[in-house]
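See below for the structure under consideration.
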Amino acid sequence: RLLRFPATNGQDVVFTYAGDLYKAPLTGGEAQRLTSHVGMEMFARFSPDGQSIAFTAQYDGNTEVYLMPKSGGEPERLTYTSTNSRDDVGDRMGPNNIVMGWTPDGKQIIYRSKQHTFSGLRGSLKKVAVGGGVSETIPTSEGGFCSYSPDGKKLAMNRMFREFRTWKHYAGGQADEIWLNKVGTTEMKKLTENSNQDLFPMWVGENIYFISDRDYTMNLFKYN
């Protein structure tokens, strides 16, 4: 089985299987199917209070950001973007509008957009309110997977995105590093410095966890 893109609220885990979202107890048990649309649903992320799920879905031709209760129900569409030529889930740069997570106050959802970027090879980070409306660009110049500090003042992030590539042990100029952004500014500080891939930062307490293939196998690392 290809169970992908898991996320947890501490009690449940939500994940993608066969193009739909499922939820199961974190301790194990029967999985509950949350969606049944023919379109692909992926990158589900629980809200900070654990009661809502933001996710990326391909329902109306475009790939957009949606929101629903953790128990399932009718998804609410939050973003409306123009068609992107590189919007296929199988694209080597990944699809458009991937949900990255939430702001710590639970009022906005962070997603990675390939709109208005050169050939879709770069992305920008945006945030949209849980009630929908016009999205706001986070001033980081470019961005990928990211995670806020507990106080919401800093953002650990990848600037590029190569997670859908088939490269293994890649050690070149397109390799990802973990960066630190001061929220609300373009100020950036590089936290890692090696020629390999450092991906998917997750801020927990005083530590930033990420995966790296610096020892030729993808393993979990942390930066204090």
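Ligands are numbered from 1 in the order shown, residues from 1 within each chain, and chains are lettered A, B, ... in the order they appear in the structure tokens.
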Asn224 of chain A surroundings by only C-alpha atoms, 8 Å radius, close-in-sequence under 6 positions cut, as an MDAnalysis selection string = chainID A and resid 206:208
Same residues, C-alpha atoms, saved as a CSV table (one decimal), in the first residue's frame:
```csv
chain,number,residue,atom,x,y,z
A,206,GLU,CA,13.7,24.4,20.8
A,207,ASN,CA,14.6,21.9,18.1
A,208,ILE,CA,14.2,21.9,14.3
```
query = Using only C-alpha atoms, which residues sit within 12 Å of Lys182 of chain A once same-chain residues fewer than 5 positions away are excluded, as a VMD selection string?
reply = chain A and resid 138 to 140 148 to 149 151 to 157 187 to 190
request  = In Å, rounded to a single decimal, give me how far atom CA of Gly143 of chain A is from atom CA of Asn158 of chain A.
outcome  =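 Going from atom CA of Asn158 of chain A over to atom CA of Gly143 of chain A, I get 6.0 Å.
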ask   = Looking only at the backbone, which of the residues in segment 11-205 of chain A does DSSP tag as strand (DSSP E or B), as a ChimeraX atom specification?
value = /A:12-17,20-25,32-33,41-46,52-58,63-69,76-77,98-102,108-113,124-129,136-137,146-148,154-157,179-182,188-190,198-204
message = Excluding Asp215 of chain A and its own-chain neighbours fewer than 6 positions away, which residues fall within 12 Å of it when counting only C-alpha atoms? Please give them as a PyMOL selection string.
response = chain A and resi 168-171+194-198+221
